[in-house]
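Structure, as C-alpha cells:
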Amino acid sequence: MNVMTNVQRLAVAQRPAVNKNFEPSFELRNVYCYLVENICIVLSLVLFIPNQAKAEATASENQQGISGDFWWSQPYPKPFDASRLRHQPSFISVKGKDFVDQAGKPIVFQGVSIADPDRLESLGHWNRELFGVVASWGANVVRLPVHPVAYRKRGKKAYFKLLDQAVHWANELSLYLIIDWHSMGNLETEMFQHPMYETTLTETFAFWRSIAFRYKGISTVAFYELFNEPTRSNGTLGQIDWKTWKKMMEELISIIYAHDDKVIPLVAGFNWAYELEEVARDPIEQEGIGYVSHPYPQKAERPYDPNWDKAFGYVAEKYPLIITEMGYMKADEPGAHRPAIDDGSYGPLVTDYLAKKGASWVAWCFDPEWSPTLIKDWNFTPTMSGAHFRKIMLQRDKADPQP
Amino acid sequence: MNVMTNVQRLAVAQRPAVNKNFEPSFELRNVYCYLVENICIVLSLVLFIPNQAKAEATASENQQGISGDFWWSQPYPKPFDASRLRHQPSFISVKGKDFVDQAGKPIVFQGVSIADPDRLESLGHWNRELFGVVASWGANVVRLPVHPVAYRKRGKKAYFKLLDQAVHWANELSLYLIIDWHSMGNLETEMFQHPMYETTLTETFAFWRSIAFRYKGISTVAFYELFNEPTRSNGTLGQIDWKTWKKMMEELISIIYAHDDKVIPLVAGFNWAYELEEVARDPIEQEGIGYVSHPYPQKAERPYDPNWDKAFGYVAEKYPLIITEMGYMKADEPGAHRPAIDDGSYGPLVTDYLAKKGASWVAWCFDPEWSPTLIKDWNFTPTMSGAHFRKIMLQRDKADPQP
Amino acid sequence: MNVMTNVQRLAVAQRPAVNKNFEPSFELRNVYCYLVENICIVLSLVLFIPNQAKAEATASENQQGISGDFWWSQPYPKPFDASRLRHQPSFISVKGKDFVDQAGKPIVFQGVSIADPDRLESLGHWNRELFGVVASWGANVVRLPVHPVAYRKRGKKAYFKLLDQAVHWANELSLYLIIDWHSMGNLETEMFQHPMYETTLTETFAFWRSIAFRYKGISTVAFYELFNEPTRSNGTLGQIDWKTWKKMMEELISIIYAHDDKVIPLVAGFNWAYELEEVARDPIEQEGIGYVSHPYPQKAERPYDPNWDKAFGYVAEKYPLIITEMGYMKADEPGAHRPAIDDGSYGPLVTDYLAKKGASWVAWCFDPEWSPTLIKDWNFTPTMSGAHFRKIMLQRDKADPQP
C-alpha cells in the first residue's frame, strides 16, 4: 500500500514525513548545512563567482536531506485552482457536427496559434498583452503549441505555471484555449522530424494524464489537440497505419475522459495532419471529439475545393472540423518554405471554403519568426496573411461578439 | 564477439584491459591527476568547502582514464556468495495448492512487510535488530518492497548490498524472504500512481533478470513477487486486460526460470492486487507459482466471506495463495486512508478466514509511518493491528516452531 | 508547422534565429558572461583548478543564451560531403545470390573487423595507418562495430566524425565498409548480454535513420549490418521468435531504403548470429539484402560441412551470404573463450567451405585484445588465425587486385 488515490488523499490527515527519532541528526545536519552555506555565500561574494554559488545552491536543493525531498514524500499533483478565475465561460461540447455552448448554440472558433509558451517566456514576450492583442484581432480561441522538448527542459511544474497564466489571461479576455502536444512524426516507431518533436507514446500518455488532471472542469481550456502532425515523412520515419493510430488516439481519449469528460479531444490524420480520408470508413470510436486538418496552400492542387472536400472537408458534414493550422507567405519572405508558399490568393479561398463548411480554424503563427508568420514584429504589425485572417475574425466578432 | 557468457567467463583468464603501448600516457595522466587532486584537497581544507571537494572527487571517478572505467571492461555481475551463509534452510516449492518444504511438508507463511530497504537505510533503521524483532513476533517470512525509484536512485550495485544484508540476517534468524517489485499501476501504458512507482516493462524484466541471476540457489530467498499492485485506477492509468497481463507475467517467469527454477514467482491481479477472478478461467500457464491478493478491509462489503471467496479465496482450493499485504487502522489514526480504515473487527475475521483456507499472509507495514502501520514507533510498540497479527503469528510459531 | 523537411530546408533562406528586439538584452548578457568568464579564468590560474574551470566552461556552453542553443534553432543534420572523396568506387548491389559491382561482375568480399572506432580513438590507434595495414593484408572490406554504449557516450555528432574519417581512409585505400550496429541480445525484450550492448528498438531505428541519411550515395559504405548478434541466450534474455525478428528487420530496411536504396542491408539470425534455418521457409521480404552468419568453431560439431550446410550454408544457393565474424585461438591464449577455441584446423576448413559456397567473409578481430585476435600487438604481428586469414586474402587480392 503506502498510497492514497488523489481523491482519498484530500480526505485524510497528512502524516509527518520524518519521525521523532530521526530529528536530532536532522537538526545537526541543518547546522552543518547552515555553516557550509554561509561560508559559501561569503566566499562567493569575496571571490566574485556568482554562477558557482548558484550551482551549489541547486546541488544542495537536489540532495535528499530535507523531509520533502525523500522519494516517498513527494507530493501528489494538485488540480488548477478554479476559484481564482473571475469568469466561468460556457463549457463547449460536441453536438452532431457542431461545437456548441451550454445553451446548445453552435460556436465557430477562429483564432491564432501563438508560439510555444516556453519560447515566448525565454524571449520576454510571455505576457497578458500578447493575449490582449490576439483578442483585439477578433479571435475567440488561442492555440498553445507545447513542444515535447520544451516541456521536458522546463519541467512539468514550471511549464504548468505558464499554462496556468495562459488560463488566467484567456479567461479574463473571453478566449478559449487549445492545448496542443506539438510533436511531428511517427508515434509508433517513435521517430520524429527534429529533436524538438521527440517524444514517446509513454510520455504522450503521461502528458495528457497530467493536463487532464490539472484542468478538469476549467471551461476556458476547451480543446486538447492530442498530437500536432502525425507523419511517416515518406517512409523516412517508418510505417504506421490508421488502425494503429486510431487505437492510440482512442486510448488517449479514454485516459483523458477518465479524468475529465467535459473537454473536447481533437484528432488529426497523416500527411502532417492534412488527410482525414480514413475517417469515412473507420472513424475514431469515441464520442465528443473534433477532427483536425492543416490545409497549407501547397498540400493540394488547385482548384482547391474538390481536393479539400475529399481530403478533409467531407468530415464537416458529420463531425466538428477545426483547422488548427493554416497560413501562407510569399516565396521571398524570410522563413518561407513549402508547403506554405502562396501569392496571397489562398487566403480568401480557404476562409470562404471553411465558412461554407461551418468549420472552425486557427491560423499559424502569431510570432514574427515562426513561419508562415501572422505578425512582422513584436509591435504586432500584421503580415499579408495576418491582415487577412484578422479581417475575417473581426467580421465574425462584430456579428457575434463575445460576452 | 568480444563477449563471454556468464558461465564462460568464470573459466577463462582475465585479459589485461590496457595494452603496453598505452601505458606511458596513462602514467602521465595519473601524475597530472595526482597534482590536481592534491591541490584540490588542500584548497578544500583551506577554504572549508567539503561538498565541493566531494563533487569533484565524484566527477573524477566518472571520467574514463582508469582501466576499469572503459565501457568494454565493465565486469559482468556476480552471483551471491552462498558459501558465506551459515544455514541452508529447506528450499520451498509448490505442490498442488501448498507451499511445501523439501520433505514435502506444507508450510504456512506468516510475516510482515518492512519498508523499502533504501528508506530504512536512509533513516538509520536498516539493521539486524529490525529482523530480530520481526522474528520475535513469530514471523517466518519478511517481505522487502523494492520501489523502482529507490532501486534506480541507489543504483543496482548498492541496492544489492542491502538485499545481501537482508539475506544474511534472514538466514541467521530462520526467516524466508519475499522480494517484491513494489510498483503500482499499469505496466502496459507505463502509467503509475506516483513517481515512486514509475518503471517500465523493460526495467521490470531487467530487475528480475538481475535478481534471479544473483540469488539463484539461495533457499532463504523463497519468493519473487513480480509486481506489487497492478491497477488501471478507474481508467486514469489507461487500459490493460488480463490476457496482456498474463502474457507479461508468463514472460517474466520464463526469464526467472531460465536463471533459477527453485524460486516461487508470485502473481497478483488487478484492482490493486485484490481481484483474482480471471484465474478461474485463464490461469497463468507456468508451473510452481503462487497467487497474491491484498484484501484490505474496504475492498469488499461485509459479510466478507462470500465476497472474498469470489474475489480470491476460491483460488486457494487449487493453487497456493498468499496475502502479501493486509492491514487496518482506525479512521482517526495518523495516515489512515481508504481502503484500510476499520474499527478492528476486520483483524480476526481476515486471519480466521485465511486459516480456514490454509493461505499464507504478510501484514503491512512494520514501519511507524507507512500506514496502515503495525508499529507505533521505533521501539516497535505494536499498533492495534500489529498486536493482533503478532498474536496469531506467535500461536503458529509455538505450535510449529522454526528449526 | 515551424518545420522544413530535409529536402525543403536546402531550398530556402535561413531565417535569423533571434529578432531585433531581443538583441539589446542579449548584448548585456554577453558583457556579463565576458566578465564572469574572465574572472573565472583569472581565478583558475591563480588557484590552480583547471578541472574546475573546464567544468564551468562546459556548464556555460550548455546554457541557453547564444542563439544557436535554443531548442527551436537546432540545425537539421547534414549528409556526408561526397565531393571531398577522391575516388568513386563502383556501387555494390545484389544480383541473385551474388554481390556484384556496377558492371554486374560478382565480388567476393574478404576482410577484417577492427574494434569499435570509439575504443581505437580512446587508445590512440585510430588512424589511417590501421586501415593501410588492413589493406596490405589483402582485405577489400573493413567492418566497423559500433557499440550502442559508445555511440551514446561519444554523441552522434562526434561519432560521425570518426565514421567520416573511416570513409575517407577506406575510400583512398579502395576498401569497402560495413557499418555494424554491434549489439548482442534480444531487441524485443530489450535485454542484452552486457551493458555495452544495451540499446532499444527505438534507438536502433534512430541509428539507422541517421546513418542512412548521412551516407546516402557514398559507394564506399556498401553494407549496413543491422544488428550484430540476436540471441535469447538460452531464455535468460526472454523470448523472441523469427516472425517478430523478421518484421523488425523489414521495418528497419524500409526506413533505410526510404533514405538510401543503393546500400545493402545485412540480416543475421538467432543463436548469436549463427543460425539461418528459418530463412528457408520464411525469408526477409525485402529485395537487395544479404544474410549473415558467425560460424565460430564451437558453434557446430565436426564434421562441419553438413552442420554448416544446414545452419547457414544452404542460404548461399539463393542469397548473398557473408560471414561477418569468425575466428579462433588456442585455449591457452589470453582471452580465449567458447565458442572460439580451436587447435587451428578450423581455419582452412572454414575458408575452404566458404570458397566453395562463394560466400564473403570478415574475420574477428584486428585488435590485440578483442579475442579471438588477429594481431598480437600494435605492430600488427599476426596471430595463428591472423596469419591464415591474411594468406587467403592475399591470394584473392593477387588473383583479382583492387583497382
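Chain lettering (A, B, ...) mirrors the order of the C-alpha cells, residue numbering begins at 1 for each chain separately, and ligand numbering begins at 1 in order of display.
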Note to self: Please check the contacts: residues of chain C at most 9 Å away from chain B, using only C-alpha atoms, listed as a PyMOL selection string.
What the structure shows: chain C and resi 47-52+119+123-124+149-150+184+189-191+193-196+228-229+233-239+272+294+325-326+331-338+364-365+368-372+377-378
Next item on the list: May I ask which of the residues C:Pro401, C:Pro117, C:Gly185, C:Pro89 is the closest one to Ile218 in chain C, counting only C-alpha atoms?
Entry: C:Pro89
What parts of range 85-281 of chain A does DSSP call helix (DSSP H, G or I)? I'd like the answer as a short mmCIF file (atom, residue, chain, number, x, y, z; two decimals) with N, CA and C atoms, in the first residue's frame.
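Now in part04.cif:
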```
data_model
loop_
_atom_site.label_atom_id
_atom_site.label_comp_id
_atom_site.auth_asym_id
_atom_site.auth_seq_id
_atom_site.Cartn_x
_atom_site.Cartn_y
_atom_site.Cartn_z
N PRO A 117 4.80 28.56 -25.33
CA PRO A 117 4.96 29.44 -24.16
C PRO A 117 6.39 29.45 -23.62
N ASP A 118 7.08 28.33 -23.69
CA ASP A 118 8.47 28.29 -23.22
C ASP A 118 9.35 29.23 -24.03
N ARG A 119 9.16 29.25 -25.34
CA ARG A 119 9.91 30.16 -26.20
C ARG A 119 9.57 31.61 -25.86
N LEU A 120 8.27 31.88 -25.76
CA LEU A 120 7.84 33.25 -25.51
C LEU A 120 8.40 33.76 -24.18
N GLU A 121 8.36 32.92 -23.18
CA GLU A 121 8.88 33.33 -21.87
C GLU A 121 10.39 33.56 -21.96
N SER A 122 11.09 32.67 -22.68
CA SER A 122 12.54 32.81 -22.81
C SER A 122 12.93 34.10 -23.50
N LEU A 123 12.08 34.55 -24.43
CA LEU A 123 12.42 35.74 -25.21
C LEU A 123 11.79 37.01 -24.65
N ARG A 128 0.37 39.18 -20.63
CA ARG A 128 -1.06 39.36 -20.90
C ARG A 128 -1.29 40.19 -22.15
N GLU A 129 -0.36 41.11 -22.43
CA GLU A 129 -0.52 41.98 -23.61
C GLU A 129 -0.67 41.13 -24.88
N LEU A 130 0.16 40.09 -24.98
CA LEU A 130 0.11 39.22 -26.16
C LEU A 130 -1.31 38.68 -26.37
N PHE A 131 -1.90 38.19 -25.28
CA PHE A 131 -3.25 37.65 -25.37
C PHE A 131 -4.26 38.77 -25.68
N GLY A 132 -3.99 39.95 -25.13
CA GLY A 132 -4.86 41.10 -25.39
C GLY A 132 -4.87 41.47 -26.87
N VAL A 133 -3.70 41.46 -27.50
CA VAL A 133 -3.65 41.78 -28.92
C VAL A 133 -4.39 40.73 -29.74
N VAL A 134 -4.20 39.48 -29.38
CA VAL A 134 -4.91 38.40 -30.08
C VAL A 134 -6.42 38.61 -29.98
N ALA A 135 -6.88 38.96 -28.78
CA ALA A 135 -8.31 39.21 -28.61
C ALA A 135 -8.76 40.41 -29.45
N SER A 136 -7.90 41.43 -29.52
CA SER A 136 -8.25 42.64 -30.29
C SER A 136 -8.32 42.36 -31.79
N PRO A 148 7.37 18.92 -27.01
CA PRO A 148 7.86 17.96 -26.01
C PRO A 148 9.22 18.36 -25.42
N VAL A 149 10.13 18.85 -26.24
CA VAL A 149 11.45 19.19 -25.73
C VAL A 149 11.36 20.32 -24.71
N ALA A 150 10.46 21.26 -24.95
CA ALA A 150 10.32 22.40 -24.04
C ALA A 150 9.69 21.96 -22.72
N TYR A 151 8.73 21.06 -22.83
CA TYR A 151 8.05 20.53 -21.64
C TYR A 151 9.05 19.80 -20.74
N ARG A 152 9.92 19.00 -21.35
CA ARG A 152 10.94 18.29 -20.57
C ARG A 152 11.99 19.23 -20.01
N LYS A 153 12.46 20.19 -20.83
CA LYS A 153 13.55 21.06 -20.38
C LYS A 153 13.10 21.94 -19.22
N ARG A 154 11.93 22.51 -19.34
CA ARG A 154 11.44 23.41 -18.29
C ARG A 154 10.96 22.62 -17.09
N LYS A 156 7.76 19.79 -15.74
CA LYS A 156 6.31 19.84 -15.69
C LYS A 156 5.80 20.96 -14.79
N LYS A 157 6.38 21.07 -13.62
CA LYS A 157 5.87 22.04 -12.65
C LYS A 157 6.00 23.47 -13.20
N ALA A 158 7.16 23.80 -13.73
CA ALA A 158 7.39 25.15 -14.25
C ALA A 158 6.57 25.40 -15.52
N TYR A 159 6.42 24.34 -16.33
CA TYR A 159 5.64 24.52 -17.55
C TYR A 159 4.17 24.79 -17.21
N PHE A 160 3.67 24.09 -16.18
CA PHE A 160 2.28 24.30 -15.80
C PHE A 160 2.03 25.71 -15.27
N LYS A 161 3.07 26.33 -14.73
CA LYS A 161 2.91 27.74 -14.32
C LYS A 161 2.59 28.61 -15.53
N LEU A 162 3.28 28.34 -16.65
CA LEU A 162 3.00 29.10 -17.88
C LEU A 162 1.57 28.84 -18.36
N LEU A 163 1.19 27.56 -18.36
CA LEU A 163 -0.16 27.24 -18.82
C LEU A 163 -1.21 27.86 -17.91
N ASP A 164 -0.93 27.86 -16.61
CA ASP A 164 -1.86 28.48 -15.67
C ASP A 164 -2.04 29.96 -15.99
N GLN A 165 -0.92 30.62 -16.29
CA GLN A 165 -1.02 32.05 -16.65
C GLN A 165 -1.88 32.23 -17.90
N ALA A 166 -1.67 31.34 -18.88
CA ALA A 166 -2.47 31.42 -20.11
C ALA A 166 -3.95 31.27 -19.79
N VAL A 167 -4.27 30.37 -18.86
CA VAL A 167 -5.68 30.16 -18.49
C VAL A 167 -6.25 31.45 -17.89
N HIS A 168 -5.49 32.07 -17.00
CA HIS A 168 -5.98 33.32 -16.38
C HIS A 168 -6.19 34.42 -17.43
N TRP A 169 -5.19 34.61 -18.28
CA TRP A 169 -5.29 35.68 -19.29
C TRP A 169 -6.42 35.39 -20.28
N ALA A 170 -6.50 34.16 -20.74
CA ALA A 170 -7.55 33.80 -21.69
C ALA A 170 -8.92 33.98 -21.04
N ASN A 171 -9.02 33.56 -19.79
CA ASN A 171 -10.29 33.65 -19.07
C ASN A 171 -10.74 35.11 -18.94
N GLU A 172 -9.81 35.98 -18.62
CA GLU A 172 -10.15 37.40 -18.48
C GLU A 172 -10.58 38.02 -19.81
N PRO A 195 14.72 17.06 -33.32
CA PRO A 195 14.79 16.81 -31.87
C PRO A 195 13.72 17.53 -31.06
N MET A 196 13.26 18.69 -31.54
CA MET A 196 12.26 19.41 -30.73
C MET A 196 10.92 18.68 -30.67
N TYR A 197 10.71 17.74 -31.58
CA TYR A 197 9.45 17.00 -31.60
C TYR A 197 9.56 15.63 -30.96
N LEU A 201 5.35 7.34 -26.86
CA LEU A 201 3.93 7.10 -26.58
C LEU A 201 3.69 7.24 -25.07
N THR A 202 4.62 6.72 -24.27
CA THR A 202 4.51 6.81 -22.82
C THR A 202 4.47 8.25 -22.35
N GLU A 203 5.37 9.09 -22.87
CA GLU A 203 5.39 10.49 -22.46
C GLU A 203 4.11 11.20 -22.91
N THR A 204 3.61 10.81 -24.08
CA THR A 204 2.39 11.43 -24.59
C THR A 204 1.20 11.07 -23.69
N PHE A 205 1.12 9.81 -23.30
CA PHE A 205 0.09 9.41 -22.32
C PHE A 205 0.24 10.23 -21.03
N ALA A 206 1.45 10.30 -20.53
CA ALA A 206 1.70 10.97 -19.25
C ALA A 206 1.36 12.45 -19.33
N PHE A 207 1.69 13.08 -20.47
CA PHE A 207 1.38 14.50 -20.64
C PHE A 207 -0.12 14.73 -20.53
N TRP A 208 -0.90 13.95 -21.27
CA TRP A 208 -2.34 14.18 -21.27
C TRP A 208 -2.99 13.80 -19.95
N ARG A 209 -2.43 12.80 -19.29
CA ARG A 209 -2.92 12.48 -17.94
C ARG A 209 -2.72 13.69 -17.02
N SER A 210 -1.54 14.28 -17.07
CA SER A 210 -1.24 15.42 -16.19
C SER A 210 -2.11 16.62 -16.55
N ILE A 211 -2.26 16.87 -17.84
CA ILE A 211 -3.08 18.00 -18.28
C ILE A 211 -4.54 17.81 -17.86
N ALA A 212 -5.06 16.63 -18.10
CA ALA A 212 -6.47 16.37 -17.81
C ALA A 212 -6.74 16.41 -16.31
N PHE A 213 -5.77 15.96 -15.52
CA PHE A 213 -5.93 16.04 -14.07
C PHE A 213 -5.95 17.50 -13.62
N ARG A 214 -5.06 18.30 -14.21
CA ARG A 214 -4.91 19.69 -13.74
C ARG A 214 -6.06 20.59 -14.18
N TYR A 215 -6.54 20.43 -15.44
CA TYR A 215 -7.51 21.40 -15.96
C TYR A 215 -8.94 20.86 -16.04
N SER A 233 6.52 10.78 -43.11
CA SER A 233 7.54 11.53 -43.86
C SER A 233 8.11 10.69 -45.00
N ASN A 234 7.23 10.21 -45.83
CA ASN A 234 7.62 9.39 -47.00
C ASN A 234 8.41 8.14 -46.61
N GLY A 235 8.11 7.61 -45.45
CA GLY A 235 8.75 6.36 -45.02
C GLY A 235 10.06 6.57 -44.27
N TRP A 242 -3.46 3.62 -40.12
CA TRP A 242 -4.58 4.30 -39.46
C TRP A 242 -5.13 3.49 -38.30
N LYS A 243 -5.16 2.18 -38.45
CA LYS A 243 -5.71 1.32 -37.41
C LYS A 243 -4.91 1.49 -36.10
N THR A 244 -3.60 1.51 -36.22
CA THR A 244 -2.75 1.69 -35.05
C THR A 244 -2.92 3.09 -34.47
N TRP A 245 -2.93 4.07 -35.35
CA TRP A 245 -3.09 5.47 -34.93
C TRP A 245 -4.42 5.68 -34.22
N LYS A 246 -5.46 5.13 -34.81
CA LYS A 246 -6.81 5.22 -34.24
C LYS A 246 -6.83 4.63 -32.83
N LYS A 247 -6.18 3.49 -32.66
CA LYS A 247 -6.17 2.83 -31.36
C LYS A 247 -5.42 3.68 -30.32
N MET A 248 -4.31 4.27 -30.75
CA MET A 248 -3.56 5.16 -29.85
C MET A 248 -4.43 6.34 -29.42
N MET A 249 -5.12 6.95 -30.39
CA MET A 249 -5.95 8.11 -30.08
C MET A 249 -7.10 7.73 -29.15
N GLU A 250 -7.71 6.58 -29.41
CA GLU A 250 -8.82 6.13 -28.56
C GLU A 250 -8.36 5.87 -27.13
N GLU A 251 -7.19 5.31 -27.00
CA GLU A 251 -6.65 5.06 -25.66
C GLU A 251 -6.36 6.38 -24.95
N LEU A 252 -5.77 7.31 -25.68
CA LEU A 252 -5.50 8.63 -25.10
C LEU A 252 -6.79 9.30 -24.64
N ILE A 253 -7.81 9.22 -25.49
CA ILE A 253 -9.09 9.85 -25.15
C ILE A 253 -9.70 9.18 -23.92
N SER A 254 -9.55 7.87 -23.81
CA SER A 254 -10.12 7.20 -22.64
C SER A 254 -9.38 7.62 -21.37
N ILE A 255 -8.09 7.84 -21.46
CA ILE A 255 -7.33 8.33 -20.30
C ILE A 255 -7.79 9.74 -19.93
N ILE A 256 -7.98 10.57 -20.94
CA ILE A 256 -8.44 11.95 -20.69
C ILE A 256 -9.84 11.93 -20.07
N TYR A 257 -10.75 11.18 -20.68
CA TYR A 257 -12.13 11.14 -20.17
C TYR A 257 -12.21 10.54 -18.76
N ALA A 258 -11.29 9.65 -18.42
CA ALA A 258 -11.30 9.11 -17.05
C ALA A 258 -11.03 10.21 -16.03
N HIS A 259 -10.36 11.28 -16.48
CA HIS A 259 -10.13 12.43 -15.60
C HIS A 259 -11.18 13.52 -15.81
N PHE A 270 -2.79 11.53 -40.97
CA PHE A 270 -1.42 11.52 -41.51
C PHE A 270 -1.18 12.65 -42.52
N ASN A 271 0.02 12.58 -43.13
CA ASN A 271 0.45 13.62 -44.07
C ASN A 271 0.49 14.97 -43.35
N TRP A 272 1.18 14.99 -42.23
CA TRP A 272 1.32 16.22 -41.43
C TRP A 272 -0.04 16.83 -41.12
N ALA A 273 -0.97 15.97 -40.70
CA ALA A 273 -2.30 16.42 -40.27
C ALA A 273 -3.16 16.95 -41.41
N GLU A 277 -8.97 11.17 -44.80
CA GLU A 277 -9.74 10.28 -45.67
C GLU A 277 -10.19 9.00 -44.98
N GLU A 278 -9.40 8.51 -44.06
CA GLU A 278 -9.71 7.25 -43.38
C GLU A 278 -10.92 7.37 -42.45
N VAL A 279 -11.25 8.60 -42.05
CA VAL A 279 -12.37 8.79 -41.11
C VAL A 279 -13.68 8.27 -41.71
N ALA A 280 -13.79 8.38 -43.02
CA ALA A 280 -15.05 7.98 -43.69
C ALA A 280 -15.40 6.53 -43.37
#
```
Checklist line | Shell around Asp98 in chain B at 7 Å using only C-alpha atoms, local window under 6 positions removed, as an NGL selection string | finding: :B and (106 or 319-320)
Residues just named, written with N, CA, C and O atoms as a PDB file, in the first residue's frame:
```
ATOM      1  N   PRO B 106       3.655 -29.326   4.012  1.00  0.00           N
ATOM      2  CA  PRO B 106       3.096 -27.999   3.744  1.00  0.00           C
ATOM      3  C   PRO B 106       3.527 -26.975   4.790  1.00  0.00           C
ATOM      4  O   PRO B 106       3.579 -27.292   5.989  1.00  0.00           O
ATOM      5  N   TYR B 319      -4.504 -23.601  -6.011  1.00  0.00           N
ATOM      6  CA  TYR B 319      -3.136 -23.058  -6.074  1.00  0.00           C
ATOM      7  C   TYR B 319      -2.732 -22.520  -4.699  1.00  0.00           C
ATOM      8  O   TYR B 319      -3.595 -22.154  -3.910  1.00  0.00           O
ATOM      9  N   PRO B 320      -1.427 -22.401  -4.457  1.00  0.00           N
ATOM     10  CA  PRO B 320      -1.023 -21.720  -3.224  1.00  0.00           C
ATOM     11  C   PRO B 320      -1.452 -20.256  -3.271  1.00  0.00           C
ATOM     12  O   PRO B 320      -1.284 -19.589  -4.298  1.00  0.00           O
TER      13      PRO B 320
END
```
Notebook entry, point to check: What lies within 8 Å of Leu177 in chain A using only C-alpha atoms, ignoring chain neighbours under 2 positions off, as a VMD selection string?
Noted result: chain A and resid 141 to 144 167 170 175 179 220 to 223
Given the selection you just returned, output its residues as a file containing all heavy atoms, formatted as an mmCIF file, in the first residue's frame.
```cif
data_model
loop_
_atom_site.group_PDB
_atom_site.id
_atom_site.type_symbol
_atom_site.label_atom_id
_atom_site.label_comp_id
_atom_site.auth_asym_id
_atom_site.auth_seq_id
_atom_site.Cartn_x
_atom_site.Cartn_y
_atom_site.Cartn_z
ATOM 1 N N VAL A 141 -10.317 32.064 -29.822
ATOM 2 C CA VAL A 141 -9.570 30.882 -29.356
ATOM 3 C C VAL A 141 -8.075 31.112 -29.602
ATOM 4 O O VAL A 141 -7.690 31.784 -30.574
ATOM 5 C CB VAL A 141 -10.063 29.597 -30.066
ATOM 6 C CG1 VAL A 141 -9.746 29.619 -31.556
ATOM 7 C CG2 VAL A 141 -9.480 28.338 -29.417
ATOM 8 N N VAL A 142 -7.255 30.595 -28.702
ATOM 9 C CA VAL A 142 -5.795 30.660 -28.842
ATOM 10 C C VAL A 142 -5.245 29.247 -28.699
ATOM 11 O O VAL A 142 -5.667 28.502 -27.814
ATOM 12 C CB VAL A 142 -5.155 31.558 -27.758
ATOM 13 C CG1 VAL A 142 -3.630 31.541 -27.859
ATOM 14 C CG2 VAL A 142 -5.681 32.980 -27.870
ATOM 15 N N ARG A 143 -4.327 28.929 -29.575
ATOM 16 C CA ARG A 143 -3.705 27.596 -29.520
ATOM 17 C C ARG A 143 -2.309 27.713 -28.911
ATOM 18 O O ARG A 143 -1.525 28.582 -29.291
ATOM 19 C CB ARG A 143 -3.592 27.045 -30.942
ATOM 20 C CG ARG A 143 -2.989 25.649 -31.063
ATOM 21 C CD ARG A 143 -2.954 25.293 -32.539
ATOM 22 N NE ARG A 143 -2.567 23.951 -32.852
ATOM 23 C CZ ARG A 143 -1.486 23.647 -33.589
ATOM 24 N NH1 ARG A 143 -0.673 24.601 -34.009
ATOM 25 N NH2 ARG A 143 -1.219 22.394 -33.892
ATOM 26 N N LEU A 144 -2.030 26.803 -27.969
ATOM 27 C CA LEU A 144 -0.740 26.782 -27.280
ATOM 28 C C LEU A 144 0.030 25.537 -27.705
ATOM 29 O O LEU A 144 -0.269 24.429 -27.243
ATOM 30 C CB LEU A 144 -0.957 26.733 -25.767
ATOM 31 C CG LEU A 144 -1.857 27.816 -25.152
ATOM 32 C CD1 LEU A 144 -2.098 27.501 -23.664
ATOM 33 C CD2 LEU A 144 -1.234 29.186 -25.305
ATOM 34 N N VAL A 167 -4.273 30.366 -18.859
ATOM 35 C CA VAL A 167 -5.676 30.159 -18.494
ATOM 36 C C VAL A 167 -6.254 31.446 -17.887
ATOM 37 O O VAL A 167 -7.349 31.880 -18.252
ATOM 38 C CB VAL A 167 -5.819 28.975 -17.511
ATOM 39 C CG1 VAL A 167 -7.252 28.876 -16.992
ATOM 40 C CG2 VAL A 167 -5.403 27.666 -18.192
ATOM 41 N N ALA A 170 -6.497 34.165 -20.739
ATOM 42 C CA ALA A 170 -7.554 33.804 -21.689
ATOM 43 C C ALA A 170 -8.920 33.975 -21.040
ATOM 44 O O ALA A 170 -9.865 34.489 -21.649
ATOM 45 C CB ALA A 170 -7.358 32.374 -22.188
ATOM 46 N N LEU A 175 -11.329 34.346 -24.108
ATOM 47 C CA LEU A 175 -10.763 33.485 -25.146
ATOM 48 C C LEU A 175 -10.805 32.036 -24.656
ATOM 49 O O LEU A 175 -10.619 31.781 -23.464
ATOM 50 C CB LEU A 175 -9.299 33.861 -25.409
ATOM 51 C CG LEU A 175 -9.023 35.238 -26.018
ATOM 52 C CD1 LEU A 175 -7.561 35.621 -25.826
ATOM 53 C CD2 LEU A 175 -9.398 35.224 -27.506
ATOM 54 N N ILE A 179 -4.937 23.310 -25.993
ATOM 55 C CA ILE A 179 -3.595 22.831 -25.636
ATOM 56 C C ILE A 179 -3.207 21.794 -26.686
ATOM 57 O O ILE A 179 -3.954 20.853 -26.950
ATOM 58 C CB ILE A 179 -3.553 22.248 -24.209
ATOM 59 C CG1 ILE A 179 -3.871 23.358 -23.193
ATOM 60 C CG2 ILE A 179 -2.180 21.645 -23.925
ATOM 61 C CD1 ILE A 179 -3.910 22.887 -21.745
ATOM 62 N N THR A 220 -12.520 27.279 -19.738
ATOM 63 C CA THR A 220 -11.651 28.050 -20.653
ATOM 64 C C THR A 220 -10.750 27.135 -21.474
ATOM 65 O O THR A 220 -10.433 27.420 -22.627
ATOM 66 C CB THR A 220 -10.808 29.060 -19.831
ATOM 67 O OG1 THR A 220 -11.692 30.057 -19.305
ATOM 68 C CG2 THR A 220 -9.723 29.726 -20.666
ATOM 69 N N VAL A 221 -10.331 26.031 -20.869
ATOM 70 C CA VAL A 221 -9.496 25.062 -21.597
ATOM 71 C C VAL A 221 -10.443 24.099 -22.304
ATOM 72 O O VAL A 221 -10.854 23.081 -21.761
ATOM 73 C CB VAL A 221 -8.548 24.305 -20.641
ATOM 74 C CG1 VAL A 221 -7.609 23.409 -21.431
ATOM 75 C CG2 VAL A 221 -7.754 25.292 -19.788
ATOM 76 N N ALA A 222 -10.805 24.464 -23.523
ATOM 77 C CA ALA A 222 -11.896 23.753 -24.197
ATOM 78 C C ALA A 222 -11.429 22.563 -25.017
ATOM 79 O O ALA A 222 -12.174 21.604 -25.196
ATOM 80 C CB ALA A 222 -12.658 24.723 -25.090
ATOM 81 N N PHE A 223 -10.191 22.623 -25.543
ATOM 82 C CA PHE A 223 -9.737 21.610 -26.509
ATOM 83 C C PHE A 223 -8.375 21.028 -26.143
ATOM 84 O O PHE A 223 -7.478 21.768 -25.723
ATOM 85 C CB PHE A 223 -9.617 22.236 -27.910
ATOM 86 C CG PHE A 223 -10.872 22.868 -28.422
ATOM 87 C CD1 PHE A 223 -11.044 24.252 -28.380
ATOM 88 C CD2 PHE A 223 -11.891 22.087 -28.960
ATOM 89 C CE1 PHE A 223 -12.200 24.850 -28.855
ATOM 90 C CE2 PHE A 223 -13.058 22.680 -29.447
ATOM 91 C CZ PHE A 223 -13.211 24.068 -29.389
#
```
